[in-house]
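So this block is data10.csv, CSV, C-alpha atoms and all ligand atoms:
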chain,number,residue,atom,x,y,z
A,1,MET,CA,-93.4,1.6,15.6
A,2,MET,CA,-90.4,1.3,13.4
A,3,ILE,CA,-87.9,-1.5,13.9
A,4,LEU,CA,-84.4,-0.6,12.6
A,5,ARG,CA,-81.9,-3.4,12.3
A,6,SER,CA,-78.9,-1.7,10.9
A,7,ILE,CA,-76.8,1.3,11.7
A,8,ALA,CA,-77.2,2.6,8.2
A,9,GLU,CA,-81.0,2.5,8.4
A,10,MET,CA,-80.9,4.0,11.9
A,11,GLN,CA,-78.7,6.9,10.8
A,12,ALA,CA,-80.8,7.6,7.7
A,13,ALA,CA,-84.0,7.7,9.8
A,14,ALA,CA,-82.3,9.9,12.5
A,15,LEU,CA,-80.9,12.4,9.8
A,16,ALA,CA,-84.4,12.6,8.3
A,17,TRP,CA,-86.0,13.4,11.7
A,18,ARG,CA,-83.3,16.0,12.4
A,19,ARG,CA,-83.8,17.7,9.1
A,20,ALA,CA,-87.5,17.8,9.8
A,21,GLY,CA,-86.7,19.6,13.1
A,22,ARG,CA,-87.8,16.7,15.3
A,23,ARG,CA,-86.1,16.1,18.6
A,24,ILE,CA,-84.9,12.6,19.2
A,25,GLY,CA,-84.8,10.8,22.6
A,26,LEU,CA,-82.8,7.7,23.1
A,27,VAL,CA,-83.2,5.0,25.8
A,28,PRO,CA,-80.3,2.5,25.5
A,29,THR,CA,-81.0,-1.0,26.9
A,30,MET,CA,-79.9,-4.5,26.6
A,31,GLY,CA,-83.5,-5.7,26.3
A,32,TYR,CA,-85.6,-8.0,28.4
A,33,LEU,CA,-87.5,-4.9,29.3
A,34,HIS,CA,-89.1,-4.2,32.6
A,35,ALA,CA,-91.0,-1.3,34.1
A,36,GLY,CA,-87.7,0.4,35.1
A,37,HIS,CA,-86.7,0.6,31.4
A,38,LEU,CA,-90.1,1.9,30.4
A,39,SER,CA,-90.0,4.6,33.1
A,40,LEU,CA,-87.0,6.0,31.2
A,41,VAL,CA,-89.1,6.1,28.0
A,42,ALA,CA,-91.6,8.3,29.9
A,43,LEU,CA,-88.8,10.6,30.9
A,44,ALA,CA,-87.8,11.2,27.3
A,45,ARG,CA,-91.3,11.7,26.1
A,46,PRO,CA,-92.2,15.3,27.2
A,47,ASP,CA,-89.7,17.1,25.1
A,48,CYS,CA,-88.8,14.6,22.4
A,49,ASP,CA,-90.9,14.1,19.2
A,50,VAL,CA,-89.3,10.7,18.5
A,51,VAL,CA,-88.3,8.2,21.2
A,52,VAL,CA,-86.0,5.4,20.2
A,53,VAL,CA,-85.3,2.4,22.5
A,54,SER,CA,-82.1,0.6,21.5
A,55,ILE,CA,-81.9,-3.1,22.3
A,56,PHE,CA,-78.4,-4.5,22.1
A,57,VAL,CA,-76.7,-7.0,24.3
A,58,ASN,CA,-73.3,-5.4,24.0
A,59,PRO,CA,-70.7,-8.1,24.0
A,60,THR,CA,-67.8,-5.8,24.7
A,61,GLN,CA,-69.0,-4.9,28.2
A,62,PHE,CA,-69.0,-8.5,29.4
A,63,GLY,CA,-65.9,-10.2,30.7
A,64,PRO,CA,-64.9,-13.6,29.4
A,65,GLN,CA,-66.3,-15.4,32.5
A,66,GLU,CA,-69.6,-13.4,32.5
A,67,ASP,CA,-73.1,-14.1,31.4
A,68,LEU,CA,-73.1,-12.8,27.8
A,69,ALA,CA,-74.3,-16.2,26.3
A,70,LYS,CA,-77.1,-16.7,28.8
A,71,TYR,CA,-78.2,-13.0,29.1
A,72,PRO,CA,-82.0,-13.1,28.8
A,73,ARG,CA,-83.4,-12.2,25.4
A,74,ASP,CA,-87.0,-12.0,24.1
A,75,PHE,CA,-87.3,-9.5,21.2
A,76,GLU,CA,-91.0,-10.2,20.6
A,77,ARG,CA,-92.0,-9.4,24.2
A,78,ASP,CA,-89.7,-6.3,24.2
A,79,ALA,CA,-91.3,-5.0,21.0
A,80,ALA,CA,-94.8,-5.5,22.5
A,81,CYS,CA,-93.7,-3.5,25.6
A,82,CYS,CA,-92.3,-0.7,23.5
A,83,ARG,CA,-95.4,-0.6,21.3
A,84,GLU,CA,-97.6,-0.3,24.4
A,85,ALA,CA,-95.3,2.4,25.9
A,86,GLY,CA,-95.7,4.5,22.7
A,87,VAL,CA,-92.1,4.1,21.6
A,88,ASP,CA,-91.6,5.3,18.0
A,89,ALA,CA,-88.7,3.1,17.0
A,90,ILE,CA,-86.6,0.2,18.2
A,91,PHE,CA,-83.0,0.2,17.2
A,92,ALA,CA,-81.7,-3.4,17.4
A,93,PRO,CA,-78.5,-3.8,15.5
A,94,GLU,CA,-76.6,-7.1,15.0
A,95,PRO,CA,-73.3,-7.5,16.8
A,96,GLY,CA,-71.5,-7.9,13.5
A,97,ASP,CA,-72.9,-4.6,12.4
A,98,MET,CA,-71.8,-2.8,15.6
A,99,TYR,CA,-68.4,-4.5,15.7
A,100,ALA,CA,-66.5,-5.3,12.5
A,101,ALA,CA,-64.2,-8.4,12.9
A,102,ASP,CA,-61.2,-6.0,12.9
A,103,PHE,CA,-62.8,-3.4,15.2
A,104,SER,CA,-60.0,-1.5,16.9
A,105,THR,CA,-61.2,1.9,18.1
A,106,TRP,CA,-62.2,2.3,21.8
A,107,VAL,CA,-63.5,5.1,23.9
A,108,THR,CA,-62.2,4.9,27.5
A,109,GLU,CA,-63.0,7.1,30.5
A,110,GLU,CA,-60.0,6.8,32.8
A,111,ARG,CA,-61.0,8.1,36.2
A,112,LEU,CA,-64.6,7.4,37.2
A,113,SER,CA,-64.4,4.0,35.6
A,114,GLN,CA,-61.7,2.8,38.1
A,115,PRO,CA,-63.5,2.0,41.4
A,116,LEU,CA,-66.6,-0.1,42.2
A,117,CYS,CA,-67.8,-2.1,39.1
A,118,GLY,CA,-64.7,-1.0,37.2
A,119,ALA,CA,-62.4,-2.7,39.7
A,120,ARG,CA,-64.5,-5.9,39.7
A,121,ARG,CA,-65.3,-6.0,36.0
A,122,PRO,CA,-62.1,-5.1,34.1
A,123,GLY,CA,-62.9,-3.7,30.7
A,124,HIS,CA,-66.6,-3.3,31.5
A,125,PHE,CA,-66.7,0.5,31.2
A,126,ARG,CA,-64.6,0.5,28.1
A,127,GLY,CA,-67.3,-1.6,26.5
A,128,VAL,CA,-70.1,0.6,27.9
A,129,VAL,CA,-68.6,3.9,27.0
A,130,THR,CA,-67.6,2.7,23.5
A,131,VAL,CA,-71.1,1.3,22.8
A,132,VAL,CA,-72.9,4.4,24.0
A,133,ALA,CA,-70.6,6.6,21.8
A,134,LYS,CA,-71.6,4.4,18.9
A,135,LEU,CA,-75.3,4.6,19.8
A,136,PHE,CA,-75.1,8.4,19.9
A,137,ASN,CA,-73.5,8.4,16.4
A,138,ALA,CA,-76.2,6.0,15.1
A,139,VAL,CA,-79.3,7.6,16.7
A,140,LEU,CA,-78.2,11.2,16.9
A,141,PRO,CA,-80.2,11.9,20.0
A,142,ASP,CA,-80.9,15.3,21.6
A,143,VAL,CA,-81.7,13.6,24.9
A,144,ALA,CA,-80.5,10.2,26.2
A,145,VAL,CA,-82.0,8.7,29.4
A,146,PHE,CA,-80.2,6.4,31.8
A,147,GLY,CA,-81.1,4.8,35.2
A,148,GLN,CA,-79.7,5.7,38.6
A,149,LYS,CA,-79.8,1.9,39.2
A,150,ASP,CA,-76.4,2.0,37.4
A,151,ALA,CA,-75.1,5.1,39.2
A,152,GLN,CA,-71.5,4.7,38.3
A,153,GLN,CA,-72.4,4.3,34.7
A,154,CYS,CA,-74.4,7.5,34.8
A,155,LEU,CA,-71.4,9.4,36.1
A,156,VAL,CA,-69.0,7.9,33.6
A,157,LEU,CA,-71.4,8.7,30.7
A,158,GLN,CA,-71.9,12.3,31.9
A,159,ARG,CA,-68.1,12.6,31.8
A,160,LEU,CA,-68.0,11.1,28.3
A,161,VAL,CA,-70.6,13.6,27.1
A,162,ARG,CA,-68.7,16.5,28.7
A,163,ASP,CA,-65.2,15.5,27.7
A,164,LEU,CA,-66.0,14.6,24.0
A,165,ASN,CA,-68.6,17.3,23.6
A,166,PHE,CA,-71.5,15.1,22.5
A,167,PRO,CA,-74.4,17.5,21.8
A,168,VAL,CA,-76.7,15.3,24.0
A,169,THR,CA,-78.5,16.1,27.2
A,170,LEU,CA,-78.4,13.2,29.7
A,171,ARG,CA,-81.3,12.6,32.0
A,172,ILE,CA,-81.2,10.2,34.9
A,173,GLY,CA,-84.3,8.3,36.1
A,174,PRO,CA,-84.8,6.9,39.6
A,175,ILE,CA,-84.5,3.2,40.5
A,176,TRP,CA,-87.7,1.3,39.9
A,177,ARG,CA,-88.3,-1.5,42.4
A,178,GLU,CA,-90.6,-4.6,42.7
A,179,ALA,CA,-93.4,-4.2,45.2
A,180,ASP,CA,-91.2,-5.9,47.9
A,181,GLY,CA,-88.2,-3.5,47.3
A,182,LEU,CA,-85.9,-5.5,45.0
A,183,ALA,CA,-84.5,-3.2,42.3
A,184,MET,CA,-85.8,-4.3,38.9
A,185,SER,CA,-83.2,-5.9,36.7
A,186,SER,CA,-83.2,-8.1,33.7
A,187,ARG,CA,-80.9,-10.4,35.7
A,188,ASN,CA,-83.5,-11.0,38.4
A,189,VAL,CA,-84.8,-13.9,36.3
A,190,TYR,CA,-81.6,-15.8,37.1
A,191,LEU,CA,-82.6,-16.0,40.8
A,192,SER,CA,-84.1,-19.2,42.1
A,193,SER,CA,-87.2,-18.5,44.3
A,194,ASP,CA,-85.1,-19.0,47.4
A,195,GLU,CA,-82.4,-16.6,46.1
A,196,ARG,CA,-85.1,-14.1,45.0
A,197,GLN,CA,-86.5,-14.0,48.5
A,198,ARG,CA,-83.0,-13.7,50.2
A,199,ALA,CA,-82.0,-11.0,47.7
A,200,LEU,CA,-84.4,-8.7,49.4
A,201,ALA,CA,-81.7,-8.2,52.0
A,202,ILE,CA,-80.0,-5.8,49.6
A,203,SER,CA,-82.8,-3.3,49.5
A,204,ARG,CA,-83.6,-3.9,53.1
A,205,GLY,CA,-80.0,-3.0,54.0
A,206,VAL,CA,-80.1,0.1,51.9
A,207,ARG,CA,-83.3,1.2,53.6
A,208,VAL,CA,-81.7,0.6,57.0
A,209,ALA,CA,-78.7,2.8,56.0
A,210,GLU,CA,-81.1,5.5,54.6
A,211,ALA,CA,-83.0,5.5,57.9
A,212,ALA,CA,-79.7,5.8,59.9
A,213,PHE,CA,-78.6,8.6,57.6
A,214,ALA,CA,-82.0,10.4,58.1
A,215,ALA,CA,-81.4,10.0,61.9
A,216,GLY,CA,-78.1,11.8,61.6
A,217,GLU,CA,-75.6,9.0,61.1
A,218,ARG,CA,-72.8,10.2,58.7
A,219,SER,CA,-70.0,7.6,59.2
A,220,GLY,CA,-69.2,5.7,56.1
A,221,VAL,CA,-68.0,2.7,58.0
A,222,VAL,CA,-71.3,2.6,60.0
A,223,LEU,CA,-73.6,3.2,56.9
A,224,CYS,CA,-71.8,0.6,54.8
A,225,ALA,CA,-71.8,-1.9,57.7
A,226,ARG,CA,-75.6,-1.7,57.9
A,227,VAL,CA,-75.9,-2.8,54.3
A,228,HIS,CA,-73.1,-5.4,54.5
A,229,ASP,CA,-74.6,-7.0,57.6
A,230,ALA,CA,-78.0,-7.2,56.0
A,231,ILE,CA,-76.6,-8.9,52.9
A,232,THR,CA,-74.6,-11.5,54.8
A,233,ALA,CA,-77.5,-12.2,57.2
A,234,GLY,CA,-79.6,-12.9,54.0
A,235,GLY,CA,-77.0,-15.4,52.9
A,236,GLY,CA,-75.6,-13.2,50.2
A,237,ARG,CA,-72.0,-12.3,49.4
A,238,PRO,CA,-71.3,-8.5,49.2
A,239,ASP,CA,-69.0,-7.7,46.2
A,240,TYR,CA,-68.7,-4.1,47.4
A,241,VAL,CA,-70.5,-1.7,49.7
A,242,GLU,CA,-68.9,1.7,49.5
A,243,LEU,CA,-69.8,5.3,50.3
A,244,ARG,CA,-68.5,7.6,47.5
A,245,SER,CA,-68.9,11.2,46.4
A,246,ARG,CA,-71.7,11.7,43.9
A,247,HIS,CA,-69.5,14.3,42.3
A,248,ASP,CA,-66.3,12.4,41.5
A,249,LEU,CA,-66.7,8.9,43.1
A,250,ARG,CA,-63.9,9.4,45.5
A,251,GLU,CA,-64.3,7.3,48.7
A,252,LEU,CA,-65.8,9.2,51.6
A,253,THR,CA,-65.3,8.5,55.2
A,254,ALA,CA,-68.4,10.5,56.0
A,255,ALA,CA,-71.6,11.4,54.1
A,256,SER,CA,-71.0,15.1,54.6
A,257,GLU,CA,-71.5,15.9,50.9
A,258,PRO,CA,-73.8,14.5,48.2
A,259,ALA,CA,-72.9,10.8,48.4
A,260,VAL,CA,-73.9,7.5,46.8
A,261,LEU,CA,-74.0,4.4,48.9
A,262,ALA,CA,-73.1,1.9,46.2
A,263,VAL,CA,-73.8,-1.9,46.5
A,264,ALA,CA,-73.1,-5.0,44.5
A,265,ALA,CA,-73.8,-8.4,45.9
A,266,PHE,CA,-74.0,-12.0,44.8
A,267,PHE,CA,-76.9,-14.3,45.6
A,268,GLY,CA,-75.9,-17.6,44.2
A,269,VAL,CA,-74.0,-16.8,41.1
A,270,THR,CA,-76.2,-13.8,40.3
A,271,ARG,CA,-74.6,-10.4,40.9
A,272,LEU,CA,-77.1,-7.6,41.7
A,273,LEU,CA,-76.7,-3.9,42.0
A,274,ASP,CA,-78.4,-1.3,44.2
A,275,ASN,CA,-77.6,2.1,45.5
A,276,SER,CA,-78.9,5.1,47.3
A,277,PHE,CA,-78.2,8.8,47.0
A,278,LEU,CA,-77.6,10.3,50.4
A,279,GLY,CA,-77.7,14.0,51.0
B,301,LIG,P1,-79.9,-2.6,31.0
B,301,LIG,O1,-80.8,-3.1,30.0
B,301,LIG,O2,-79.8,-3.3,32.3
B,301,LIG,O3,-78.5,-2.3,30.4
B,301,LIG,O4,-80.4,-1.1,31.4
B,301,LIG,C1,-80.8,-0.2,30.5
B,301,LIG,C2,-81.0,1.2,31.2
B,301,LIG,O5,-82.1,1.0,32.1
B,301,LIG,C3,-79.8,1.7,32.0
B,301,LIG,O6,-79.8,3.1,31.9
B,301,LIG,C4,-80.2,1.2,33.4
B,301,LIG,O7,-79.6,2.0,34.4
B,301,LIG,C5,-81.7,1.4,33.4
B,301,LIG,N1,-82.4,0.6,34.4
B,301,LIG,C6,-82.1,-0.7,34.7
B,301,LIG,N2,-82.8,-1.2,35.8
B,301,LIG,C7,-83.5,-0.1,36.2
B,301,LIG,C8,-84.5,0.1,37.3
B,301,LIG,N3,-84.8,-0.8,38.1
B,301,LIG,N4,-85.0,1.4,37.4
B,301,LIG,C9,-84.7,2.4,36.5
B,301,LIG,N5,-83.8,2.2,35.5
B,301,LIG,C10,-83.2,1.0,35.3

Would you give me this structure, written as structure tokens?
Amino acid sequence: MMILRSIAEMQAAALAWRRAGRRIGLVPTMGYLHAGHLSLVALARPDCDVVVVSIFVNPTQFGPQEDLAKYPRDFERDAACCREAGVDAIFAPEPGDMYAADFSTWVTEERLSQPLCGARRPGHFRGVVTVVAKLFNAVLPDVAVFGQKDAQQCLVLQRLVRDLNFPVTLRIGPIWREADGLAMSSRNVYLSSDERQRALAISRGVRVAEAAFAAGERSGVVLCARVHDAITAGGGRPDYVELRSRHDLRELTAASEPAVLAVAAFFGVTRLLDNSFLG
């Protein structure tokens, strides 16, 4: 497995692969890998000759009061996971290589980035969209794989690819969960054992809403209340629970078209995401 530490090295390798007619798959991550990340590698594998995992804790997608400094990092463990998963190369650039001191060019998506996490984390999607555009220019992928866990991010990045004509096919992998239902996340390590237990309320609430939907419930107010109530009963603080169109993220009063029930909630100081596609 190759470990590429600079954009120049990465682009040179990617150009050589492309000239040799090899298809490149990219799985962008912020590291501290778990089975959810590795499931995305498996989705790239079948039709890519080379699978690259990028590991970069992207400073520009964190707000000033957020967890950039304490975001969990363990490169040796991540490299071992990637090796075991048959990854061909890790791209792990330094922040200074990605962002020159006088960096001043941003890529912004101006519609789908507005609600949900965009409203709670100003500047977050500007950082995400910019870094993904930069990763595409460094890795030159044919396929890039993202997780439904970050459903809004997936929609925003599909819009990026369409609007700026990146020659990349996006693929979306399902949410991987711990055995007890908690959506896997690098941030789960922040939870105390008590918070970890109580945080199950999120996936429990989502499952209750899914069951209500399966039984015919379509009201956005009712479906969101199921999740909201479960989270508050578990001692958590919902940041948002919203029913939105899976097409354009507009708020829905009823799940009468393909919808996403999108959830963010705090347990202690840790903010966790979950969601479900309804219909
Ligand atoms: P992150 O390292 O948290 O930035 O995530 C990197 C990629 O992995 C993103 O496309 C995420 O949506 C995806 N991902 C994170 N958690 C999960 C999960 N539990 N299941 C599937 N994909 C995930």

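Distance check against Ala14 of chain A using only C-alpha atoms: of A:Tyr71, A:Phe213, A:Phe103, A:Phe91, the minimum falls on A:Phe91.
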
Within 12 Å of Ala262 of chain A, counting only C-alpha atoms, which residues show up once you throw out same-chain ones fewer than 4 positions away? Write them as a PyMOL selection string, please. chain A and resi 115-117+148-153+202-203+205-206+209+220+223-224+227-228+238-246+249-252+272-278

Store the residues picked out above, limited to C-alpha atoms, as a PDB file, keeping the file's coordinate frame.
ATOM      1  CA  PRO A 115     -63.500   2.000  41.400  1.00  0.00           C
ATOM      2  CA  LEU A 116     -66.600  -0.100  42.200  1.00  0.00           C
ATOM      3  CA  CYS A 117     -67.800  -2.100  39.100  1.00  0.00           C
ATOM      4  CA  GLN A 148     -79.700   5.700  38.600  1.00  0.00           C
ATOM      5  CA  LYS A 149     -79.800   1.900  39.200  1.00  0.00           C
ATOM      6  CA  ASP A 150     -76.400   2.000  37.400  1.00  0.00           C
ATOM      7  CA  ALA A 151     -75.100   5.100  39.200  1.00  0.00           C
ATOM      8  CA  GLN A 152     -71.500   4.700  38.300  1.00  0.00           C
ATOM      9  CA  GLN A 153     -72.400   4.300  34.700  1.00  0.00           C
ATOM     10  CA  ILE A 202     -80.000  -5.800  49.600  1.00  0.00           C
ATOM     11  CA  SER A 203     -82.800  -3.300  49.500  1.00  0.00           C
ATOM     12  CA  GLY A 205     -80.000  -3.000  54.000  1.00  0.00           C
ATOM     13  CA  VAL A 206     -80.100   0.100  51.900  1.00  0.00           C
ATOM     14  CA  ALA A 209     -78.700   2.800  56.000  1.00  0.00           C
ATOM     15  CA  GLY A 220     -69.200   5.700  56.100  1.00  0.00           C
ATOM     16  CA  LEU A 223     -73.600   3.200  56.900  1.00  0.00           C
ATOM     17  CA  CYS A 224     -71.800   0.600  54.800  1.00  0.00           C
ATOM     18  CA  VAL A 227     -75.900  -2.800  54.300  1.00  0.00           C
ATOM     19  CA  HIS A 228     -73.100  -5.400  54.500  1.00  0.00           C
ATOM     20  CA  PRO A 238     -71.300  -8.500  49.200  1.00  0.00           C
ATOM     21  CA  ASP A 239     -69.000  -7.700  46.200  1.00  0.00           C
ATOM     22  CA  TYR A 240     -68.700  -4.100  47.400  1.00  0.00           C
ATOM     23  CA  VAL A 241     -70.500  -1.700  49.700  1.00  0.00           C
ATOM     24  CA  GLU A 242     -68.900   1.700  49.500  1.00  0.00           C
ATOM     25  CA  LEU A 243     -69.800   5.300  50.300  1.00  0.00           C
ATOM     26  CA  ARG A 244     -68.500   7.600  47.500  1.00  0.00           C
ATOM     27  CA  SER A 245     -68.900  11.200  46.400  1.00  0.00           C
ATOM     28  CA  ARG A 246     -71.700  11.700  43.900  1.00  0.00           C
ATOM     29  CA  LEU A 249     -66.700   8.900  43.100  1.00  0.00           C
ATOM     30  CA  ARG A 250     -63.900   9.400  45.500  1.00  0.00           C
ATOM     31  CA  GLU A 251     -64.300   7.300  48.700  1.00  0.00           C
ATOM     32  CA  LEU A 252     -65.800   9.200  51.600  1.00  0.00           C
ATOM     33  CA  LEU A 272     -77.100  -7.600  41.700  1.00  0.00           C
ATOM     34  CA  LEU A 273     -76.700  -3.900  42.000  1.00  0.00           C
ATOM     35  CA  ASP A 274     -78.400  -1.300  44.200  1.00  0.00           C
ATOM     36  CA  ASN A 275     -77.600   2.100  45.500  1.00  0.00           C
ATOM     37  CA  SER A 276     -78.900   5.100  47.300  1.00  0.00           C
ATOM     38  CA  PHE A 277     -78.200   8.800  47.000  1.00  0.00           C
ATOM     39  CA  LEU A 278     -77.600  10.300  50.400  1.00  0.00           C
TER      40      LEU A 278
END

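Of the residues listed (A:Val260, A:Ala211, A:Ala265, A:Phe146), A:Ala265 shows the shortest atom-to-atom separation from Gly235 of chain A; distances use all atoms listed in the file.
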
Which one of A:Gly96, A:Pro72, A:Pro46, A:Gly173 sits closest to ligand LIG 301 (chain B) if you count all atoms listed in the file?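 Closest to ligand LIG 301 (chain B), using all atoms listed in the file: A:Gly173.
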
Pick from A:Pro28, A:Pro59, A:Gly279, A:Pro64 nearest to ligand LIG 301 (chain B), counting all atoms listed in the file: A:Pro28

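Checking A:Gln65, A:Asn165, A:Thr60, A:Ser185 one by one against ligand LIG 301 (chain B), counting all atoms listed in the file, you find the shortest gap at A:Ser185.
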
Give the residue list for ligand LIG 301 (chain B) at 9 Å, counting only C-alpha atoms and all ligand atoms, as a ChimeraX atom specification, sorted by chain and then by residue number. /A:27-40,55-58,145-151,153-154,172-178,182-187,274

Minimum-distance residue to Ala44 of chain A, chosen among A:Thr270, A:Asp180, A:Gly25, A:Thr105 (using only C-alpha atoms):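 Of all the options, A:Gly25 lies closest to Ala44 of chain A.
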
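What separates atom CA of Glu109 of chain A from atom CA of Arg162 of chain A is a distance of 11.1 Å.
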